[in-house]
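Participant: Got a structure for you, written out below as structure tokens; questions coming shortly.
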Amino acid sequence: MEKLTLITSISINAQQAEVWKGLTDPEIVKQYFFGTTVNSDWKPGSSITFSGEWEGKAYQDKGTIKEIEPGKYVKYTYWSSMSGTEDKPENYADVSYSLDENDGVTTLILTQDNIKDEASRKHSEENWQMVLGGLKKILEK
């Protein structure tokens with residue numbers, strides 16, 4: 001069965017460096033990412049974790065930084081403890097953020113693969129749009 005890939009984007013009226021900071025600074029991430037604490041040193045091969053509480057249940061999602069060009073691009077593996085799947089390689093997705101600035105407006109392109117079906121892809125896109133919309137709101141204040 002072929003897995004689906006989601007590609008979604010948002011334009012933010014902010015410098016690329018500010019958007020990058022918004023994606024990687026735990027204090028900022030917590031404000032728009034459902035209260036999630038992100039933890040990573042943002043180096044290739046390093047771990048990345050997302051932890052918090054959702055509907056009264058603690059979670060810790062995790063992955064590994066695969067590629068990074070600080071300020072411009074990052075790709076990491078991702079597995080959610082809330083996914084109902086086992087913590088094994090075939091259940092991890094690759095998630096990437098790619099930034100491109102033009103005249104003070106930064107376009108953020110997010111890609112996520114290994115999505116099991118169209119309903120899950122649609123759900124992921126809605127969640128990512130909510131998350132990225134929250135980032136946009138914070139950065140454009």
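Letters A, B, ... mark the chains of the structure tokens in the order given; residue numbers begin at 1 per chain; ligand numbers begin at 1, in order shown.
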Quick one: everything within 10 Å of A:Gly134, counting only C-alpha atoms, minus sequence neighbours fewer than 4 positions away in the same chain. Send it as a CSV table (one decimal) with all heavy atoms, in the first residue's frame.

Facilitator:
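Now in result-v2.csv:
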chain,number,residue,atom,x,y,z
A,29,VAL,N,7.8,28.1,20.2
A,29,VAL,CA,7.1,26.9,19.7
A,29,VAL,C,5.9,26.6,20.7
A,29,VAL,O,4.8,26.3,20.2
A,29,VAL,CB,8.0,25.7,19.6
A,29,VAL,CG1,7.3,24.4,19.3
A,29,VAL,CG2,9.1,25.9,18.5
A,31,GLN,N,4.1,28.4,22.3
A,31,GLN,CA,3.0,29.4,22.2
A,31,GLN,C,2.0,29.0,21.1
A,31,GLN,O,0.8,29.4,21.2
A,31,GLN,CB,3.5,30.8,22.0
A,31,GLN,CG,4.3,31.4,23.1
A,31,GLN,CD,4.9,32.7,22.7
A,31,GLN,OE1,4.2,33.6,22.2
A,31,GLN,NE2,6.2,32.9,22.9
A,32,TYR,N,2.5,28.3,20.1
A,32,TYR,CA,1.5,28.1,18.9
A,32,TYR,C,1.4,26.6,18.6
A,32,TYR,O,0.5,26.2,17.8
A,32,TYR,CB,2.0,28.8,17.7
A,32,TYR,CG,3.3,28.3,17.1
A,32,TYR,CD1,3.3,27.2,16.2
A,32,TYR,CD2,4.5,28.9,17.4
A,32,TYR,CE1,4.5,26.8,15.7
A,32,TYR,CE2,5.7,28.5,16.9
A,32,TYR,CZ,5.7,27.4,16.0
A,32,TYR,OH,6.9,27.0,15.5
A,33,PHE,N,2.2,25.7,19.2
A,33,PHE,CA,2.2,24.3,18.9
A,33,PHE,C,1.5,23.5,20.0
A,33,PHE,O,2.0,22.5,20.5
A,33,PHE,CB,3.6,23.8,18.7
A,33,PHE,CG,3.7,22.7,17.7
A,33,PHE,CD1,4.7,22.8,16.7
A,33,PHE,CD2,2.9,21.5,17.7
A,33,PHE,CE1,4.8,21.7,15.8
A,33,PHE,CE2,3.1,20.5,16.8
A,33,PHE,CZ,4.0,20.6,15.8
A,34,PHE,N,0.2,23.8,20.3
A,34,PHE,CA,-0.6,23.1,21.3
A,34,PHE,C,0.1,23.0,22.7
A,34,PHE,O,0.0,21.9,23.4
A,34,PHE,CB,-1.0,21.7,20.8
A,34,PHE,CG,-1.6,21.7,19.4
A,34,PHE,CD1,-1.0,21.0,18.4
A,34,PHE,CD2,-2.8,22.4,19.2
A,34,PHE,CE1,-1.5,21.0,17.1
A,34,PHE,CE2,-3.3,22.4,17.9
A,34,PHE,CZ,-2.7,21.7,16.9
A,128,TRP,N,-1.5,21.0,10.6
A,128,TRP,CA,-0.3,21.8,10.3
A,128,TRP,C,-0.7,23.3,10.0
A,128,TRP,O,0.0,24.2,10.3
A,128,TRP,CB,0.5,21.2,9.1
A,128,TRP,CG,1.4,20.1,9.5
A,128,TRP,CD1,1.4,18.8,9.1
A,128,TRP,CD2,2.5,20.2,10.5
A,128,TRP,NE1,2.4,18.1,9.7
A,128,TRP,CE2,3.1,18.9,10.6
A,128,TRP,CE3,3.0,21.2,11.2
A,128,TRP,CZ2,4.2,18.7,11.4
A,128,TRP,CZ3,4.1,21.0,12.0
A,128,TRP,CH2,4.7,19.7,12.1
A,129,GLN,N,-1.9,23.5,9.3
A,129,GLN,CA,-2.3,24.8,8.9
A,129,GLN,C,-2.6,25.6,10.2
A,129,GLN,O,-2.4,26.8,10.3
A,129,GLN,CB,-3.5,24.8,7.9
A,129,GLN,CG,-3.0,24.6,6.5
A,129,GLN,CD,-2.2,25.7,6.0
A,129,GLN,OE1,-2.3,26.9,6.3
A,129,GLN,NE2,-1.3,25.4,5.1
A,130,MET,N,-3.2,24.9,11.2
A,130,MET,CA,-3.5,25.5,12.5
A,130,MET,C,-2.2,25.9,13.2
A,130,MET,O,-2.1,27.1,13.7
A,130,MET,CB,-4.3,24.6,13.3
A,130,MET,CG,-5.2,25.3,14.4
A,130,MET,SD,-6.5,24.3,15.1
A,130,MET,CE,-5.9,22.6,15.1
A,138,ILE,N,1.9,35.0,15.7
A,138,ILE,CA,2.9,35.5,16.7
A,138,ILE,C,3.9,36.4,16.0
A,138,ILE,O,4.3,37.4,16.5
A,138,ILE,CB,3.6,34.3,17.3
A,138,ILE,CG1,2.6,33.6,18.3
A,138,ILE,CG2,4.9,34.7,18.1
A,138,ILE,CD1,3.1,32.3,18.8
A,139,LEU,N,4.4,35.9,14.8
A,139,LEU,CA,5.5,36.7,14.1
A,139,LEU,C,5.0,38.0,13.5
A,139,LEU,O,5.8,38.9,13.3
A,139,LEU,CB,6.2,35.8,13.1
A,139,LEU,CG,6.9,34.6,13.7
A,139,LEU,CD1,7.5,33.7,12.6
A,139,LEU,CD2,8.0,35.0,14.7

Participant: Need to verify the contact set: A:Glu140, 8 Å, only C-alpha atoms, exclusion of same-chain residues closer than 2 positions in sequence. Can you return it as a PDB file with all heavy atoms, in the first residue's frame?

Facilitator:
ATOM      1  N   ILE A  12       4.578  34.291   5.539  1.00  0.00           N
ATOM      2  CA  ILE A  12       4.614  35.048   6.791  1.00  0.00           C
ATOM      3  C   ILE A  12       5.347  36.363   6.547  1.00  0.00           C
ATOM      4  O   ILE A  12       6.458  36.360   5.999  1.00  0.00           O
ATOM      5  CB  ILE A  12       5.315  34.223   7.896  1.00  0.00           C
ATOM      6  CG1 ILE A  12       4.562  32.903   8.123  1.00  0.00           C
ATOM      7  CG2 ILE A  12       5.414  35.027   9.199  1.00  0.00           C
ATOM      8  CD1 ILE A  12       5.238  31.931   9.072  1.00  0.00           C
ATOM      9  N   ASN A  13       4.725  37.468   6.941  1.00  0.00           N
ATOM     10  CA  ASN A  13       5.355  38.781   6.790  1.00  0.00           C
ATOM     11  C   ASN A  13       6.408  38.968   7.882  1.00  0.00           C
ATOM     12  O   ASN A  13       6.174  39.652   8.868  1.00  0.00           O
ATOM     13  CB  ASN A  13       4.311  39.903   6.852  1.00  0.00           C
ATOM     14  CG  ASN A  13       3.415  39.889   5.637  1.00  0.00           C
ATOM     15  OD1 ASN A  13       3.895  39.887   4.505  1.00  0.00           O
ATOM     16  ND2 ASN A  13       2.117  39.853   5.857  1.00  0.00           N
ATOM     17  N   ALA A  14       7.535  38.305   7.700  1.00  0.00           N
ATOM     18  CA  ALA A  14       8.639  38.363   8.663  1.00  0.00           C
ATOM     19  C   ALA A  14       9.909  37.920   7.955  1.00  0.00           C
ATOM     20  O   ALA A  14       9.849  37.195   6.957  1.00  0.00           O
ATOM     21  CB  ALA A  14       8.359  37.449   9.851  1.00  0.00           C
ATOM     22  N   LYS A 136       2.420  32.246  12.351  1.00  0.00           N
ATOM     23  CA  LYS A 136       2.251  33.477  11.560  1.00  0.00           C
ATOM     24  C   LYS A 136       1.694  34.592  12.434  1.00  0.00           C
ATOM     25  O   LYS A 136       2.203  35.713  12.411  1.00  0.00           O
ATOM     26  CB  LYS A 136       1.306  33.184  10.387  1.00  0.00           C
ATOM     27  CG  LYS A 136       0.963  34.391   9.515  1.00  0.00           C
ATOM     28  CD  LYS A 136       0.014  33.943   8.389  1.00  0.00           C
ATOM     29  CE  LYS A 136      -0.512  35.118   7.601  1.00  0.00           C
ATOM     30  NZ  LYS A 136       0.418  35.564   6.568  1.00  0.00           N
ATOM     31  N   LYS A 137       0.666  34.288  13.242  1.00  0.00           N
ATOM     32  CA  LYS A 137       0.041  35.278  14.121  1.00  0.00           C
ATOM     33  C   LYS A 137       1.060  35.874  15.101  1.00  0.00           C
ATOM     34  O   LYS A 137       1.110  37.086  15.286  1.00  0.00           O
ATOM     35  CB  LYS A 137      -1.112  34.603  14.894  1.00  0.00           C
ATOM     36  CG  LYS A 137      -2.319  35.492  15.082  1.00  0.00           C
ATOM     37  CD  LYS A 137      -3.430  34.744  15.801  1.00  0.00           C
ATOM     38  CE  LYS A 137      -4.375  34.113  14.805  1.00  0.00           C
ATOM     39  NZ  LYS A 137      -5.387  33.256  15.399  1.00  0.00           N
ATOM     40  N   ILE A 138       1.874  35.010  15.696  1.00  0.00           N
ATOM     41  CA  ILE A 138       2.881  35.466  16.660  1.00  0.00           C
ATOM     42  C   ILE A 138       3.926  36.365  15.980  1.00  0.00           C
ATOM     43  O   ILE A 138       4.272  37.422  16.488  1.00  0.00           O
ATOM     44  CB  ILE A 138       3.577  34.260  17.332  1.00  0.00           C
ATOM     45  CG1 ILE A 138       2.600  33.616  18.326  1.00  0.00           C
ATOM     46  CG2 ILE A 138       4.856  34.690  18.052  1.00  0.00           C
ATOM     47  CD1 ILE A 138       3.076  32.251  18.819  1.00  0.00           C
TER      48      ILE A 138
END

Participant: Quick one: everything within 12 Å of A:Gln60, counting only C-alpha atoms, minus sequence neighbours fewer than 6 positions away in the same chain. Send it as a PyMOL selection string.

Facilitator: chain A and resi 36-39+48-54+78-83+87

Participant: Pick the closest to A:Ser9 from A:Glu67, A:Asp113, A:Glu118, A:Asp100: which is it, counting only C-alpha atoms?

Facilitator: A:Asp100

Participant: To one decimal place in Å, what is the distance between atom CA of A:Pro26 and atom CA of A:Asn91?

Facilitator: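 It comes out at 25.2 Å.
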
Participant: Rank nothing, just name the residue among A:Leu6, A:Ala58, A:Ala93, A:Ile109 nearest to A:His123, using only C-alpha atoms.

Facilitator: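 Smallest distance to A:His123 is found for A:Leu6.
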
Participant: Where in chain A does DSSP assign alpha helix (DSSP H), given as a count of residues only?

Facilitator: 38

Participant: Select, from A:Asn102, A:Asp94, A:Ser11, A:Leu135, the residue with the minimum atom-to-atom distance to A:Ile115, counting only C-alpha atoms.

Facilitator: A:Asp94

Participant: Got a sec to tell me which of stretch 38-141 of chain A DSSP assigns to strand (DSSP E), as JSON, numbers by chain?

Facilitator: {"A": [38, 39, 47, 48, 49, 50, 51, 52, 53, 54, 57, 58, 59, 60, 61, 62, 63, 64, 65, 66, 67, 68, 69, 73, 74, 75, 76, 77, 78, 93, 94, 95, 96, 97, 98, 99, 100, 101, 102, 105, 106, 107, 108, 109, 110, 111, 112, 113, 114, 115]}

Participant: Generate the output file for the selected residues, C-alpha atoms, as a compact mmCIF listing (two decimals), in the first residue's frame.

Facilitator:
# COMPACT_ATOMS: atom_id res chain seq x y z
CA VAL A 38 10.39 21.00 21.56
CA ASN A 39 13.87 19.90 22.54
CA SER A 47 17.43 13.74 18.66
CA ILE A 48 14.35 15.94 18.59
CA THR A 49 11.47 15.50 21.03
CA PHE A 50 8.05 17.09 21.33
CA SER A 51 6.44 16.64 24.72
CA GLY A 52 3.42 17.91 26.55
CA GLU A 53 -0.11 17.00 27.46
CA TRP A 54 -3.09 16.53 25.14
CA LYS A 57 -2.73 12.61 28.54
CA ALA A 58 1.05 13.11 28.61
CA TYR A 59 2.91 12.42 25.37
CA GLN A 60 6.42 12.44 24.01
CA ASP A 61 6.85 12.38 20.26
CA LYS A 62 10.33 11.93 18.89
CA GLY A 63 12.68 11.70 15.97
CA THR A 64 16.14 12.46 14.67
CA ILE A 65 17.48 15.43 12.71
CA LYS A 66 18.43 14.05 9.27
CA GLU A 67 19.49 17.21 7.44
CA ILE A 68 19.81 20.82 8.45
CA GLU A 69 20.88 24.07 6.87
CA TYR A 73 15.99 24.02 5.98
CA VAL A 74 15.55 21.12 8.38
CA LYS A 75 14.37 17.55 7.87
CA TYR A 76 13.71 15.20 10.77
CA THR A 77 12.12 11.81 11.37
CA TYR A 78 8.97 11.88 13.48
CA ALA A 93 7.50 10.02 8.97
CA ASP A 94 9.97 12.52 7.55
CA VAL A 95 8.98 16.12 8.26
CA SER A 96 10.77 19.08 6.71
CA TYR A 97 10.56 22.85 6.91
CA SER A 98 11.97 24.87 4.01
CA LEU A 99 12.19 28.67 4.17
CA ASP A 100 12.54 31.18 1.36
CA GLU A 101 12.40 34.96 1.85
CA ASN A 102 11.42 37.46 -0.80
CA VAL A 105 7.96 37.85 3.26
CA THR A 106 9.06 34.33 4.12
CA THR A 107 7.40 31.31 2.55
CA LEU A 108 7.49 28.24 4.78
CA ILE A 109 6.96 24.94 2.98
CA LEU A 110 6.24 21.94 5.19
CA THR A 111 6.45 18.37 3.90
CA GLN A 112 5.40 15.21 5.76
CA ASP A 113 5.53 11.71 4.29
CA ASN A 114 4.48 8.18 5.32
CA ILE A 115 0.79 9.13 5.75
